[in-house]
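Worksheet for the structure shown next.
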Amino acid sequence: MNQSERAAFLKERLTGIGGSEAAGVCRASRWENKSPVAIYLDKLGEGTELPDNVRMRIGRKFENPLLEMYEEDTGLTLSENPGLIRHRKYPFLLAHVDGLVEGSHIVEIKMITSPHHDEWATIEEGKEWYARGDIPEDYYYQIQHYLMVTGLEEAHLYAYIASFDPIRLYKFKRNNLFILKMRAAEIDFWNNHVQKKIPPVNMTKEETLLLWPKPEEKKLKAADVEVCLEINMLKETKAQMKELKAKEKQIIDVITTSIGSTEGLQDDEGRTLVTWKENSRGSRTLRVAN
């Protein structure tokens with residue numbers, strides 16, 4: 001995708017809800033830039049676009065080679081990419097799939113360079129279908145959103161996870177109950193928030209800052225009973241954290257003085273308990289073995 005194609009793609013995204021936004025609209029995404037308020041502001045053209053980074057560029061560069069490898073590994077032939085697909089009944093529900101086997105299934109490419117390897121289930125021999133908890137939540141929403149828009153029954157997620165071999169192929173079936181709930185949330189978000197220009201309720205500090213980066217009124221607001229309880233809990237939590245930080249330092253001091261000039265400690269059976277090795281910056285990093 002060149003710069004002009006990417007610009008057109010970003011413009012199209014303003015006309016509806018795409019697969020990468022499905023989890024965020026349903027308040028199921030862990031990413032701050034995918035919260036309901038953040039997506040709402042994006043659709044109104046008031047959001048802050050994330051700067052293009054190395055991971056994003058790598059993902060785009062390797063998408064086509066990985067699609068070719070998918071064809072080689074599966075023996076299937078991908079159709080010509082249809083570009084933007086709109087739901088037949090709800091045209092604001094969008095899909096921009098990586099690959100498509102006409103009349104059969106969608107193909108989604110993922111190139112994972114983040115450290116969250118444990119969120120991806122290992123491929124089991126003889127296991128054909130995978131479930132919601134086998135991949136990160138955002139991606140499960142994305143593929144089910146694409147199945148909803150395209151009307152297809154099956155999705156293949158072809159994922160290269162850095163430092164792991166081979167590339168993993170996950171197959172998912174259409175989850176109609178999941179889609180029913182997701183679609184209702186997306187329709188409500190688009191019709192009752194984006195179209196009416198009424199922001200979703202802010203439920204996190206980050207969402208509140210998006211709506212009010214600076215206070216509008218120079219006065220204090222009366223706190224209700226529930227918030228007063230939360231304030232007291234915050235005070236208690238901060239005090240506990242202070243004690244825990246002090247305790248942590250004491251423990252680290254004991255461990256590191258015991259390690260001394262060596263690189264770590266082991267138990268009686270030779271299993272590594274903790275290491276304190278020199279890192280690439282020339283300082284020592286303390287790591288506790290799993």
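Residues in the structure tokens are numbered from 1 in each chain, the chains being A, B, ... in the order shown, and ligands are numbered from 1 in the order shown.
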
Could you go through segment 191-281 of chain A and tell me which residues DSSP, when run on the backbone, assigns to strand (DSSP E), listing them as an NGL selection string? :A and (264-266 or 272-278)

How close does each residue of segment 40-92 of chain A get to segment 14-29 of chain A, giving the shortest atom pair and distance in Å to one decimal for every residue with an atom at most 10 Å away, counting only C-alpha atoms, sorted by chain and residue number, as a Markdown table?
| residue | atom | partner | partner_atom | distance |
| --- | --- | --- | --- | --- |
| A:Tyr40 | CA | A:Val25 | CA | 8.7 |
| A:Asp42 | CA | A:Leu14 | CA | 7.3 |
| A:Lys43 | CA | A:Leu14 | CA | 4.9 |
| A:Leu44 | CA | A:Leu14 | CA | 7.5 |
| A:Gly45 | CA | A:Leu14 | CA | 7.5 |
| A:Leu84 | CA | A:Gly18 | CA | 9.7 |
| A:Ile85 | CA | A:Gly18 | CA | 9.8 |
| A:Arg86 | CA | A:Gly16 | CA | 8.9 |
| A:Tyr90 | CA | A:Gly16 | CA | 9.4 |
| A:Pro91 | CA | A:Gly16 | CA | 7.6 |
| A:Phe92 | CA | A:Gly16 | CA | 4.1 |

Export of the given selection (C-alpha atoms) as a PDB file, in the first residue's frame:
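Resulting contents of again18.pdb:
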ATOM      1  CA  TYR A  40     -15.616   8.440  18.415  1.00  0.00           C
ATOM      2  CA  ASP A  42     -11.473   9.705  15.174  1.00  0.00           C
ATOM      3  CA  LYS A  43     -14.756   9.358  13.284  1.00  0.00           C
ATOM      4  CA  LEU A  44     -15.496  13.047  13.800  1.00  0.00           C
ATOM      5  CA  GLY A  45     -12.044  13.909  12.494  1.00  0.00           C
ATOM      6  CA  LEU A  84     -13.377  -1.966   1.054  1.00  0.00           C
ATOM      7  CA  ILE A  85     -16.444  -4.134   1.710  1.00  0.00           C
ATOM      8  CA  ARG A  86     -19.611  -2.736   3.277  1.00  0.00           C
ATOM      9  CA  TYR A  90     -25.590  -1.534   7.547  1.00  0.00           C
ATOM     10  CA  PRO A  91     -23.177   0.239   5.140  1.00  0.00           C
ATOM     11  CA  PHE A  92     -21.289   1.854   8.029  1.00  0.00           C
TER      12      PHE A  92
END

Could you check the closest approach to His96 of chain A for each of A:Arg287, A:His145, A:Arg183, A:Lys277 and tell me which residue wins, using only C-alpha atoms?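 Among the listed residues, the smallest separation from His96 of chain A belongs to A:His145.
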
Taking 6 positions as the minimum chain separation for residues in the same chain, which residues sit within 12 Å of segment 249-261 of chain A when counting only C-alpha atoms? Answer as a list of chain:residue names. A:Lys242, A:Glu243, A:Leu273, A:Val274, A:Thr275, A:Trp276, A:Lys277, A:Glu278, A:Arg284, A:Thr285, A:Leu286, A:Arg287, A:Val288

Here is a test: counting only C-alpha atoms, which residue of A:Gly83, A:Gly99, A:Pro36, A:Pro166 is nearest to Leu210 of chain A?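 The answer is A:Pro36, which sits nearest to Leu210 of chain A.
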
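Considering the residues A:Arg281, A:Lys235, A:Lys127, A:His105 and counting only C-alpha atoms, Leu157 of chain A has its shortest atom-to-atom contact with A:His105.
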
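If you look at atom CA of Pro200 of chain A and atom CA of Val37 of chain A, they are 5.8 Å away from each other.
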
Of the listed residues A:Pro136, A:Arg168, A:Glu186, A:Lys89, that which approaches Asp73 of chain A most closely, counting only C-alpha atoms: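 Closest to Asp73 of chain A of all the choices is A:Arg168.
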
Interatomic distance (Å, one decimal) between atom CA of Ser79 of chain A and atom CA of Tyr158 of chain A: 16.3 Å

Mind running segment 9-98 of chain A against segment 110-123 of chain A at 9 Å and telling me each contacting residue's nearest atom pair with the distance in Å (one decimal), counting only C-alpha atoms, chain and number ascending, as a Markdown table?
| residue | atom | partner | partner_atom | distance |
| --- | --- | --- | --- | --- |
| A:Arg55 | CA | A:Thr113 | CA | 7.3 |
| A:Ile58 | CA | A:Met111 | CA | 8.1 |
| A:Gly59 | CA | A:Met111 | CA | 5.9 |
| A:Phe62 | CA | A:Met111 | CA | 7.9 |
| A:Glu63 | CA | A:Lys110 | CA | 8.0 |
| A:Leu66 | CA | A:Lys110 | CA | 8.9 |

Using N, CA, C and O atoms, can you write the selected residues to a file as a PDB file, in the first residue's frame?
ATOM      1  N   ARG A  55       6.990  -0.872  13.379  1.00  0.00           N
ATOM      2  CA  ARG A  55       6.166  -2.083  13.394  1.00  0.00           C
ATOM      3  C   ARG A  55       5.064  -2.008  12.343  1.00  0.00           C
ATOM      4  O   ARG A  55       4.765  -3.002  11.661  1.00  0.00           O
ATOM      5  N   ILE A  58       6.692  -2.464   8.917  1.00  0.00           N
ATOM      6  CA  ILE A  58       7.076  -3.860   8.702  1.00  0.00           C
ATOM      7  C   ILE A  58       5.846  -4.694   8.347  1.00  0.00           C
ATOM      8  O   ILE A  58       5.869  -5.519   7.436  1.00  0.00           O
ATOM      9  N   GLY A  59       4.756  -4.457   9.087  1.00  0.00           N
ATOM     10  CA  GLY A  59       3.530  -5.203   8.827  1.00  0.00           C
ATOM     11  C   GLY A  59       3.029  -5.015   7.411  1.00  0.00           C
ATOM     12  O   GLY A  59       2.612  -5.975   6.744  1.00  0.00           O
ATOM     13  N   PHE A  62       5.448  -6.741   4.731  1.00  0.00           N
ATOM     14  CA  PHE A  62       5.476  -8.203   4.690  1.00  0.00           C
ATOM     15  C   PHE A  62       4.097  -8.829   4.466  1.00  0.00           C
ATOM     16  O   PHE A  62       3.989 -10.046   4.413  1.00  0.00           O
ATOM     17  N   GLU A  63       3.060  -7.992   4.322  1.00  0.00           N
ATOM     18  CA  GLU A  63       1.715  -8.541   4.147  1.00  0.00           C
ATOM     19  C   GLU A  63       1.609  -9.382   2.878  1.00  0.00           C
ATOM     20  O   GLU A  63       1.147 -10.531   2.915  1.00  0.00           O
ATOM     21  N   LEU A  66       3.623 -12.664   2.954  1.00  0.00           N
ATOM     22  CA  LEU A  66       2.983 -13.635   3.839  1.00  0.00           C
ATOM     23  C   LEU A  66       1.717 -14.216   3.192  1.00  0.00           C
ATOM     24  O   LEU A  66       1.399 -15.390   3.389  1.00  0.00           O
TER      25      LEU A  66
END

For atom CA of Asn64 of chain A and atom CA of Asp98 of chain A, quote the distance in Å rounded to one decimal.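 We find that atom CA of Asn64 of chain A and atom CA of Asp98 of chain A lie 8.7 Å from each other.
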
Give the helix (DSSP H, G or I) residues of segment 6-162 of chain A, as DSSP finds them on the backbone, and put them as a PyMOL selection string. chain A and resi 6-13+19-25+32-34+36-43+54-74+117-119+132-134+137-150
